[in-house]
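Trainee: Take this structure, written in structure tokens, and hold onto it; I'll ask about it next.
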Amino acid sequence: MAVILSSTIAVLLLIGFWVKSRKNRRELEEHSITPEALYALLASHSDVLVFDVRQPLDLLADSEIIPGATRLSPKEVIQNPSLIPKEKDSVVYCTCPSDETSQTILHRALALKFFQIKFLKGGLEAWKAKGYPVEPYNKPFRLDTGT
């Protein structure tokens, strides 16, 4: 009897994880944008805000930014999400494997009902791989490594 109960619980847990995983993937797909789509938006002069949310060490290693983007520390955004306007279309990007920092910011923003936010798939590397413009980032920033 205990084996059947344990097996049933295990199956239910697996189903729960599977459902949550599918929901997360759907949410990420719904709130992502390709470099091509972002470039087209920016070229059409759409009113979209772009935020570079790379970790400070990543910015130090590659001090370029998408033209018109605003640099925000991931730590500051997580502590104060209102740095990204809730009522404006916004895109965040990073250079982390699997867009980890962007997705962390995205999840925090969505939990706070910021529904006009997307993350750039592949981040700055995907943008540059398409040959889209970047500009030097020369403003000072803190090297704290906390997220």
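Chain labels A, B, ... are given in the sequence in which chains occur in the structure tokens; within each chain residues are numbered consecutively from 1, and ligands are likewise numbered from 1 in the order shown.
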For stretch 96-111 of chain A, find every residue with an atom within 7 Å (counting only C-alpha atoms), except residues of its own chain fewer than 3 positions away, and show them as a PyMOL selection string.
Mentor: chain A and resi 53-54+78+81+92-93+114-115+117-119+122-123
Trainee: Please produce an output containing N, CA and C atoms for each residue in the selection, written as a short mmCIF file (atom, residue, chain, number, x, y, z; two decimals), in the first residue's frame.
Mentor:
```cif
data_model
loop_
_atom_site.label_atom_id
_atom_site.label_comp_id
_atom_site.auth_asym_id
_atom_site.auth_seq_id
_atom_site.Cartn_x
_atom_site.Cartn_y
_atom_site.Cartn_z
N VAL A 53 20.63 45.04 -18.81
CA VAL A 53 20.64 44.59 -17.42
C VAL A 53 21.73 43.55 -17.19
N ARG A 54 22.83 43.71 -17.92
CA ARG A 54 23.95 42.77 -17.73
C ARG A 54 24.58 42.95 -16.36
N ILE A 78 15.90 44.57 -9.48
CA ILE A 78 15.20 43.60 -8.63
C ILE A 78 14.73 44.27 -7.34
N PRO A 81 11.79 47.63 -9.01
CA PRO A 81 11.29 47.37 -10.36
C PRO A 81 10.71 48.60 -11.07
N VAL A 92 14.41 44.06 -22.09
CA VAL A 92 15.62 43.93 -21.29
C VAL A 92 16.53 42.92 -21.97
N TYR A 93 17.85 43.13 -21.83
CA TYR A 93 18.78 42.15 -22.37
C TYR A 93 20.00 42.02 -21.49
N PHE A 114 3.81 43.83 -14.50
CA PHE A 114 4.43 44.59 -15.59
C PHE A 114 4.29 43.72 -16.83
N PHE A 115 3.22 43.90 -17.59
CA PHE A 115 2.94 43.00 -18.70
C PHE A 115 3.47 43.50 -20.05
N ILE A 117 6.62 44.04 -20.84
CA ILE A 117 8.06 43.82 -20.84
C ILE A 117 8.39 42.53 -21.58
N LYS A 118 9.50 42.57 -22.30
CA LYS A 118 10.01 41.39 -23.01
C LYS A 118 11.51 41.30 -22.77
N PHE A 119 12.06 40.13 -23.04
CA PHE A 119 13.51 40.00 -22.99
C PHE A 119 14.01 39.66 -24.39
N GLY A 122 18.73 35.71 -26.71
CA GLY A 122 20.14 35.66 -27.05
C GLY A 122 20.91 36.89 -26.61
N GLY A 123 20.20 37.89 -26.11
CA GLY A 123 20.83 39.08 -25.57
C GLY A 123 21.71 39.83 -26.54
#
```
Trainee: So which residues of stretch 4-130 of chain A fall under strand (DSSP E or B) by DSSP, listed as a count of residues only?
Mentor: 20
Trainee: Between A:Ser7, A:Pro74, A:Lys130, A:Leu59, which residue has the minimum interatomic distance to A:Leu38, considering only C-alpha atoms?
Mentor: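 Checking each of A:Ser7, A:Pro74, A:Lys130, A:Leu59 against A:Leu38, counting only C-alpha atoms, the winner is A:Lys130.
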Trainee: Please provide the set of residues having any atom within 7 Å of stretch 41-51 of chain A, restricted to only C-alpha atoms, with same-chain residues fewer than 2 positions apart removed, written as a list in words.
Mentor: Ala37, Leu38, Tyr39, Val53, Ala69, Thr70, Arg71, Leu72, Lys88, Asp89, Ser90, Val91, Val92 and Tyr93 of chain A
Trainee: Could you name the residues that touch stretch 60-65 of chain A at 7 Å or less, counting only C-alpha atoms, but leaving out those on the same chain fewer than 5 positions away, as a list of chain:residue names?
Mentor: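 Close residues of stretch 60-65 of chain A: A:Val134, A:Glu135, A:Pro136, A:Tyr137.
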Trainee: Please produce a file of the residues just selected, as a short mmCIF file (atom, residue, chain, number, x, y, z; two decimals), in the first residue's frame, where the atoms kept are N, CA and C atoms.
Mentor:
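Full text of part.cif as output:
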```
data_model
loop_
_atom_site.label_atom_id
_atom_site.label_comp_id
_atom_site.auth_asym_id
_atom_site.auth_seq_id
_atom_site.Cartn_x
_atom_site.Cartn_y
_atom_site.Cartn_z
N VAL A 134 26.00 48.68 -32.29
CA VAL A 134 26.26 48.85 -30.86
C VAL A 134 27.10 50.12 -30.74
N GLU A 135 27.14 50.64 -29.53
CA GLU A 135 27.97 51.81 -29.28
C GLU A 135 28.74 51.60 -27.99
N PRO A 136 29.87 52.29 -27.84
CA PRO A 136 30.64 52.14 -26.60
C PRO A 136 29.83 52.63 -25.40
N TYR A 137 30.00 51.93 -24.29
CA TYR A 137 29.39 52.37 -23.04
C TYR A 137 30.50 52.95 -22.18
#
```
Trainee: Mind pulling up the distance from atom CA of A:Leu143 to atom CA of A:Gln116?
Mentor: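 Going from atom CA of A:Gln116 over to atom CA of A:Leu143, I get 29.1 Å.
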Trainee: Quick one: distance from atom CA of A:Gln79 to atom CA of A:Cys94 in Å, one decimal?
Mentor: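 Separating atom CA of A:Gln79 from atom CA of A:Cys94 is a distance of 17.6 Å.
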Trainee: Quick one: residues within 9 Å of A:Pro133, only C-alpha atoms, excluding same-chain residues fewer than 5 positions away - as a list of chain:residue names?
Mentor: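 Everything that qualifies: A:Ile65, A:Ile66, A:Pro67, A:Trp127, A:Lys128.
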Trainee: Mind dumping the selected residues with N, CA and C atoms as a PDB file, in the first residue's frame?
Mentor:
```pdb
ATOM      1  N   ILE A  65      26.889  48.701 -25.913  1.00  0.00           N
ATOM      2  CA  ILE A  65      25.471  48.731 -25.553  1.00  0.00           C
ATOM      3  C   ILE A  65      24.670  48.975 -26.827  1.00  0.00           C
ATOM      4  N   ILE A  66      23.440  48.518 -26.856  1.00  0.00           N
ATOM      5  CA  ILE A  66      22.565  48.792 -27.992  1.00  0.00           C
ATOM      6  C   ILE A  66      22.254  50.286 -27.988  1.00  0.00           C
ATOM      7  N   PRO A  67      22.403  50.962 -29.123  1.00  0.00           N
ATOM      8  CA  PRO A  67      22.132  52.406 -29.154  1.00  0.00           C
ATOM      9  C   PRO A  67      20.732  52.733 -28.617  1.00  0.00           C
ATOM     10  N   TRP A 127      22.215  39.994 -30.826  1.00  0.00           N
ATOM     11  CA  TRP A 127      22.065  41.290 -31.503  1.00  0.00           C
ATOM     12  C   TRP A 127      23.296  41.563 -32.376  1.00  0.00           C
ATOM     13  N   LYS A 128      24.480  41.400 -31.783  1.00  0.00           N
ATOM     14  CA  LYS A 128      25.725  41.665 -32.503  1.00  0.00           C
ATOM     15  C   LYS A 128      25.955  40.639 -33.621  1.00  0.00           C
TER      16      LYS A 128
END
```
Trainee: Could you state the separation of atom CA of A:Leu83 and atom CA of A:Gly131 in Å, given to one decimal place?
Mentor: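 Taking atom CA of A:Leu83 as the start and atom CA of A:Gly131 as the end point, the length is 29.0 Å.
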Trainee: Just checking: using only C-alpha atoms, which residue out of A:Ser32, A:Ser73, A:Ser6, A:Lys121 ends up closest to A:Asp58?
Mentor: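 Nearest to A:Asp58: A:Ser73.
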